[in-house]
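Asker: Contents are JSON, N, CA and C atoms and all ligand atoms; file name entry.json:
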```
[["chain", "number", "residue", "atom", "x", "y", "z"],
["A", 585, "MET", "N", -11.56, 10.17, -10.55],
["A", 585, "MET", "CA", -12.05, 8.85, -10.11],
["A", 585, "MET", "C", -11.99, 8.78, -8.59],
["A", 586, "ALA", "N", -12.94, 8.07, -8.05],
["A", 586, "ALA", "CA", -12.97, 7.88, -6.60],
["A", 586, "ALA", "C", -13.75, 6.61, -6.30],
["A", 587, "TYR", "N", -13.51, 6.08, -5.11],
["A", 587, "TYR", "CA", -14.32, 4.96, -4.67],
["A", 587, "TYR", "C", -15.57, 5.50, -3.98],
["A", 588, "VAL", "N", -16.64, 4.73, -4.05],
["A", 588, "VAL", "CA", -17.89, 5.09, -3.39],
["A", 588, "VAL", "C", -18.33, 3.87, -2.57],
["A", 589, "ILE", "N", -18.77, 4.11, -1.35],
["A", 589, "ILE", "CA", -19.21, 3.00, -0.49],
["A", 589, "ILE", "C", -20.69, 2.73, -0.72],
["A", 590, "SER", "N", -20.98, 1.51, -1.10],
["A", 590, "SER", "CA", -22.36, 1.13, -1.43],
["A", 590, "SER", "C", -23.17, 0.85, -0.17],
["A", 591, "ASP", "N", -24.47, 0.62, -0.37],
["A", 591, "ASP", "CA", -25.37, 0.34, 0.74],
["A", 591, "ASP", "C", -25.08, -1.00, 1.42],
["A", 592, "GLU", "N", -24.18, -1.78, 0.82],
["A", 592, "GLU", "CA", -23.81, -3.06, 1.44],
["A", 592, "GLU", "C", -22.99, -2.85, 2.71],
["A", 593, "CYS", "N", -22.49, -1.65, 2.92],
["A", 593, "CYS", "CA", -21.66, -1.32, 4.09],
["A", 593, "CYS", "C", -22.38, -1.68, 5.39],
["A", 594, "ILE", "N", -21.66, -2.39, 6.26],
["A", 594, "ILE", "CA", -22.23, -2.77, 7.55],
["A", 594, "ILE", "C", -21.65, -1.90, 8.67],
["A", 595, "ALA", "N", -21.01, -0.82, 8.28],
["A", 595, "ALA", "CA", -20.48, 0.17, 9.23],
["A", 595, "ALA", "C", -19.54, -0.42, 10.28],
["A", 596, "CYS", "N", -18.68, -1.33, 9.82],
["A", 596, "CYS", "CA", -17.75, -1.98, 10.76],
["A", 596, "CYS", "C", -16.57, -1.07, 11.11],
["A", 597, "GLY", "N", -16.27, -0.12, 10.22],
["A", 597, "GLY", "CA", -15.19, 0.83, 10.48],
["A", 597, "GLY", "C", -13.80, 0.37, 10.08],
["A", 598, "ALA", "N", -13.68, -0.83, 9.53],
["A", 598, "ALA", "CA", -12.36, -1.38, 9.20],
["A", 598, "ALA", "C", -11.62, -0.53, 8.17],
["A", 599, "CYS", "N", -12.33, 0.08, 7.27],
["A", 599, "CYS", "CA", -11.69, 0.83, 6.20],
["A", 599, "CYS", "C", -11.15, 2.19, 6.64],
["A", 600, "GLU", "N", -11.76, 2.76, 7.64],
["A", 600, "GLU", "CA", -11.45, 4.15, 7.99],
["A", 600, "GLU", "C", -9.96, 4.39, 8.24],
["A", 601, "GLY", "N", -9.34, 3.51, 9.02],
["A", 601, "GLY", "CA", -7.94, 3.69, 9.36],
["A", 601, "GLY", "C", -6.98, 3.29, 8.26],
["A", 602, "GLU", "N", -7.49, 2.64, 7.21],
["A", 602, "GLU", "CA", -6.64, 2.18, 6.11],
["A", 602, "GLU", "C", -6.44, 3.25, 5.04],
["A", 603, "CYS", "N", -7.26, 4.24, 5.03],
["A", 603, "CYS", "CA", -7.19, 5.25, 3.97],
["A", 603, "CYS", "C", -6.00, 6.18, 4.21],
["A", 604, "PRO", "N", -5.09, 6.28, 3.22],
["A", 604, "PRO", "CA", -3.88, 7.09, 3.40],
["A", 604, "PRO", "C", -4.14, 8.59, 3.47],
["A", 605, "VAL", "N", -5.31, 9.00, 3.03],
["A", 605, "VAL", "CA", -5.61, 10.44, 3.04],
["A", 605, "VAL", "C", -6.81, 10.77, 3.93],
["A", 606, "SER", "N", -7.19, 9.82, 4.78],
["A", 606, "SER", "CA", -8.31, 10.03, 5.72],
["A", 606, "SER", "C", -9.57, 10.55, 5.03],
["A", 607, "ALA", "N", -9.88, 9.94, 3.90],
["A", 607, "ALA", "CA", -11.06, 10.37, 3.14],
["A", 607, "ALA", "C", -12.34, 9.68, 3.61],
["A", 608, "ILE", "N", -12.21, 8.70, 4.52],
["A", 608, "ILE", "CA", -13.38, 7.92, 4.94],
["A", 608, "ILE", "C", -13.85, 8.37, 6.31],
["A", 609, "SER", "N", -15.15, 8.58, 6.43],
["A", 609, "SER", "CA", -15.72, 8.95, 7.73],
["A", 609, "SER", "C", -17.07, 8.27, 7.90],
["A", 610, "GLN", "N", -17.52, 8.24, 9.15],
["A", 610, "GLN", "CA", -18.80, 7.59, 9.44],
["A", 610, "GLN", "C", -19.95, 8.50, 9.06],
["A", 611, "GLY", "N", -20.87, 7.97, 8.26],
["A", 611, "GLY", "CA", -22.06, 8.74, 7.88],
["A", 611, "GLY", "C", -23.23, 8.35, 8.76],
["A", 612, "ASP", "N", -24.43, 8.62, 8.31],
["A", 612, "ASP", "CA", -25.61, 8.35, 9.12],
["A", 612, "ASP", "C", -25.84, 6.86, 9.33],
["A", 613, "ASP", "N", -25.80, 6.08, 8.25],
["A", 613, "ASP", "CA", -26.05, 4.65, 8.39],
["A", 613, "ASP", "C", -24.98, 3.79, 7.73],
["A", 614, "LYS", "N", -23.97, 4.44, 7.17],
["A", 614, "LYS", "CA", -22.84, 3.72, 6.59],
["A", 614, "LYS", "C", -21.66, 4.68, 6.53],
["A", 615, "TYR", "N", -20.51, 4.15, 6.16],
["A", 615, "TYR", "CA", -19.34, 5.00, 6.02],
["A", 615, "TYR", "C", -19.36, 5.66, 4.64],
["A", 616, "VAL", "N", -18.73, 6.81, 4.56],
["A", 616, "VAL", "CA", -18.74, 7.56, 3.31],
["A", 616, "VAL", "C", -17.32, 7.99, 2.94],
["A", 617, "ILE", "N", -17.09, 8.19, 1.64],
["A", 617, "ILE", "CA", -15.80, 8.61, 1.12],
["A", 617, "ILE", "C", -15.91, 10.01, 0.54],
["A", 618, "ASP", "N", -14.96, 10.85, 0.91],
["A", 618, "ASP", "CA", -14.87, 12.19, 0.34],
["A", 618, "ASP", "C", -14.25, 12.04, -1.05],
["A", 619, "ALA", "N", -15.07, 12.18, -2.08],
["A", 619, "ALA", "CA", -14.61, 11.95, -3.45],
["A", 619, "ALA", "C", -13.50, 12.90, -3.86],
["A", 620, "ASP", "N", -13.46, 14.08, -3.30],
["A", 620, "ASP", "CA", -12.42, 15.05, -3.67],
["A", 620, "ASP", "C", -11.06, 14.65, -3.09],
["A", 621, "ALA", "N", -11.08, 13.90, -1.98],
["A", 621, "ALA", "CA", -9.82, 13.51, -1.34],
["A", 621, "ALA", "C", -9.34, 12.13, -1.80],
["A", 622, "CYS", "N", -10.24, 11.28, -2.20],
["A", 622, "CYS", "CA", -9.90, 9.90, -2.56],
["A", 622, "CYS", "C", -8.88, 9.82, -3.68],
["A", 623, "LEU", "N", -7.87, 8.98, -3.47],
["A", 623, "LEU", "CA", -6.79, 8.79, -4.45],
["A", 623, "LEU", "C", -7.02, 7.57, -5.33],
["A", 624, "ASP", "N", -8.14, 6.88, -5.10],
["A", 624, "ASP", "CA", -8.45, 5.72, -5.92],
["A", 624, "ASP", "C", -7.45, 4.58, -5.71],
["A", 625, "CYS", "N", -6.93, 4.46, -4.49],
["A", 625, "CYS", "CA", -5.88, 3.46, -4.24],
["A", 625, "CYS", "C", -6.42, 2.05, -4.02],
["A", 626, "GLY", "N", -7.67, 1.96, -3.58],
["A", 626, "GLY", "CA", -8.28, 0.65, -3.38],
["A", 626, "GLY", "C", -8.04, 0.00, -2.03],
["A", 627, "ALA", "N", -7.32, 0.68, -1.14],
["A", 627, "ALA", "CA", -7.01, 0.09, 0.17],
["A", 627, "ALA", "C", -8.29, -0.21, 0.96],
["A", 628, "CYS", "N", -9.27, 0.65, 0.86],
["A", 628, "CYS", "CA", -10.52, 0.43, 1.60],
["A", 628, "CYS", "C", -11.23, -0.83, 1.10],
["A", 629, "ALA", "N", -11.24, -1.00, -0.21],
["A", 629, "ALA", "CA", -11.92, -2.16, -0.78],
["A", 629, "ALA", "C", -11.23, -3.46, -0.36],
["A", 630, "SER", "N", -9.91, -3.42, -0.21],
["A", 630, "SER", "CA", -9.18, -4.65, 0.10],
["A", 630, "SER", "C", -9.40, -5.11, 1.54],
["A", 631, "VAL", "N", -9.79, -4.21, 2.43],
["A", 631, "VAL", "CA", -10.02, -4.62, 3.82],
["A", 631, "VAL", "C", -11.50, -4.81, 4.15],
["A", 632, "CYS", "N", -12.37, -4.37, 3.27],
["A", 632, "CYS", "CA", -13.80, -4.44, 3.56],
["A", 632, "CYS", "C", -14.32, -5.88, 3.51],
["A", 633, "PRO", "N", -15.00, -6.34, 4.57],
["A", 633, "PRO", "CA", -15.49, -7.72, 4.60],
["A", 633, "PRO", "C", -16.66, -7.98, 3.65],
["A", 634, "VAL", "N", -17.31, -6.92, 3.19],
["A", 634, "VAL", "CA", -18.48, -7.11, 2.31],
["A", 634, "VAL", "C", -18.29, -6.44, 0.94],
["A", 635, "GLU", "N", -17.04, -6.02, 0.65],
["A", 635, "GLU", "CA", -16.73, -5.40, -0.64],
["A", 635, "GLU", "C", -17.66, -4.24, -0.97],
["A", 636, "ALA", "N", -17.93, -3.40, 0.02],
["A", 636, "ALA", "CA", -18.83, -2.26, -0.20],
["A", 636, "ALA", "C", -18.19, -1.12, -0.98],
["A", 637, "PRO", "N", -16.87, -0.84, -0.82],
["A", 637, "PRO", "CA", -16.30, 0.25, -1.62],
["A", 637, "PRO", "C", -16.17, -0.18, -3.08],
["A", 638, "LYS", "N", -16.77, 0.60, -3.95],
["A", 638, "LYS", "CA", -16.75, 0.28, -5.38],
["A", 638, "LYS", "C", -16.08, 1.43, -6.13],
["A", 639, "GLN", "N", -15.37, 1.07, -7.20],
["A", 639, "GLN", "CA", -14.78, 2.09, -8.04],
["A", 639, "GLN", "C", -15.88, 2.76, -8.84],
["A", 640, "ALA", "N", -15.99, 4.08, -8.72],
["A", 640, "ALA", "CA", -17.09, 4.78, -9.40],
["A", 640, "ALA", "C", -16.68, 5.18, -10.81],
["A", 701, "LIG", "FE1", -9.03, 6.14, 0.76],
["A", 701, "LIG", "FE2", -7.87, 4.69, -1.14],
["A", 701, "LIG", "FE3", -10.35, 4.08, -0.35],
["A", 701, "LIG", "FE4", -9.91, 6.31, -1.74],
["A", 701, "LIG", "S1", -9.63, 4.19, -2.50],
["A", 701, "LIG", "S2", -11.17, 6.15, 0.10],
["A", 701, "LIG", "S3", -7.88, 6.94, -1.00],
["A", 701, "LIG", "S4", -8.48, 3.95, 0.89],
["A", 702, "LIG", "FE1", -18.37, -0.33, 5.52],
["A", 702, "LIG", "FE2", -16.65, -2.03, 4.42],
["A", 702, "LIG", "FE3", -15.78, 0.22, 5.53],
["A", 702, "LIG", "FE4", -16.72, -1.75, 7.06],
["A", 702, "LIG", "S1", -14.86, -1.82, 5.78],
["A", 702, "LIG", "S2", -17.18, 0.47, 7.26],
["A", 702, "LIG", "S3", -18.36, -2.56, 5.78],
["A", 702, "LIG", "S4", -17.11, 0.05, 3.70]]
```
Can you turn what I pasted into structure tokens?
Answerer:
Amino acid sequence: MAYVISDECIACGACEGECPVSAISQGDDKYVIDADACLDCGACASVCPVEAPKQA
């Protein structure tokens, strides 16, 4: 299981520093999560202003 950042992402960057395993990085037009590294903790979703990280 991993979280996936949806197209609702406004690329604010708030989630990047919250991830305990640094699985989040800036992509071309939104932030992306490395599914292999994600621990499914939900920290990114809790700080996102637009609820873009979704549990896949
Ligand atoms: Fe990182 Fe947790 Fe979000 Fe996965 S769910 S990307 S481990 S903050
Ligand atoms: Fe995108 Fe939400 Fe992360 Fe901001 S906090 S970069 S809107 S996923």
Asker: List as a PyMOL selection string the protein and nucleic acid residues near Asp624 of chain A, meaning an atom at most 7 Å away when only C-alpha atoms are counted, but skip any in the same chain fewer than 4 places from it.
Answerer: chain A and resi 585-587
Asker: Hey, which residues come within 6.5 Å of ligand LIG 702 (chain A) if we count only N, CA and C atoms and all ligand atoms? Could you give them as a list in words?
Answerer: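 Based on only N, CA and C atoms and all ligand atoms, ligand LIG 702 (chain A) is surrounded within 6.5 Å by Ile589, Ser590, Glu592, Cys593, Ile594, Ala595, Cys596, Gly597, Ala598, Cys599, Glu600, Lys614, Tyr615, Cys628, Val631, Cys632, Pro633, Val634, Glu635, Ala636 and Pro637 of chain A.
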Asker: Which residues of chain A sit at most 6 Å from ligand LIG 701 (chain A), using only C-alpha atoms and all ligand atoms? Give each one's shortest atom pair and distance in Å (one decimal place), in chain and ascending residue order, as JSON lines.
Answerer:
```
{"residue": "A:Ala586", "atom": "CA", "partner": "A:LIG701", "partner_atom": "FE4", "distance": 6.0}
{"residue": "A:Tyr587", "atom": "CA", "partner": "A:LIG701", "partner_atom": "S1", "distance": 5.2}
{"residue": "A:Glu602", "atom": "CA", "partner": "A:LIG701", "partner_atom": "S4", "distance": 5.8}
{"residue": "A:Cys603", "atom": "CA", "partner": "A:LIG701", "partner_atom": "S4", "distance": 3.6}
{"residue": "A:Pro604", "atom": "CA", "partner": "A:LIG701", "partner_atom": "FE1", "distance": 5.9}
{"residue": "A:Val605", "atom": "CA", "partner": "A:LIG701", "partner_atom": "S3", "distance": 5.8}
{"residue": "A:Ala607", "atom": "CA", "partner": "A:LIG701", "partner_atom": "S2", "distance": 5.2}
{"residue": "A:Ile608", "atom": "CA", "partner": "A:LIG701", "partner_atom": "S2", "distance": 5.6}
{"residue": "A:Ile617", "atom": "CA", "partner": "A:LIG701", "partner_atom": "S2", "distance": 5.3}
{"residue": "A:Cys622", "atom": "CA", "partner": "A:LIG701", "partner_atom": "FE4", "distance": 3.7}
{"residue": "A:Leu623", "atom": "CA", "partner": "A:LIG701", "partner_atom": "S3", "distance": 4.1}
{"residue": "A:Asp624", "atom": "CA", "partner": "A:LIG701", "partner_atom": "S1", "distance": 3.9}
{"residue": "A:Cys625", "atom": "CA", "partner": "A:LIG701", "partner_atom": "FE2", "distance": 3.9}
{"residue": "A:Gly626", "atom": "CA", "partner": "A:LIG701", "partner_atom": "S1", "distance": 3.9}
{"residue": "A:Ala627", "atom": "CA", "partner": "A:LIG701", "partner_atom": "S4", "distance": 4.2}
{"residue": "A:Cys628", "atom": "CA", "partner": "A:LIG701", "partner_atom": "S4", "distance": 4.1}
```
Asker: At what distance in Å, to one decimal, does atom C of Val588 of chain A lie from atom C of Gln639 of chain A?
Answerer: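 Rounded to one decimal, the two atoms are 6.8 Å apart.
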Asker: Record the distance separating atom CA of Asp612 of chain A and atom CA of Ser630 of chain A, expressed in Å with one decimal.
Answerer: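 That distance, rounded to one decimal, is 22.8 Å.
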Asker: Based on the backbone DSSP call, show me all residues of chain A assigned helix (DSSP H, G or I), as a ChimeraX atom specification.
Answerer: /A:600-602,627-631
Asker: As an exercise, work out the distance from atom C of Gly601 of chain A to atom CA of Asp620 of chain A in Å and give it to one decimal place.
Answerer: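 Taking atom C of Gly601 of chain A and atom CA of Asp620 of chain A, their separation equals 17.6 Å.
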Asker: Box in all listed atoms of segment 613-627 of chain A, axis-aligned, with 8 Å more on each side; write out centre and edge lengths in Å to one decimal as AutoDock Vina command-line options.
Answerer:
```
--center_x -16.0 --center_y 7.4 --center_z 1.2 --size_x 36.2 --size_y 31.3 --size_z 30.3
```
Asker: Going by DSSP on the backbone, which residues of chain A come out as strand (DSSP E)? List them as number ranges by chain.
Answerer: A: 587-589, 608-610, 615-617, 637-639
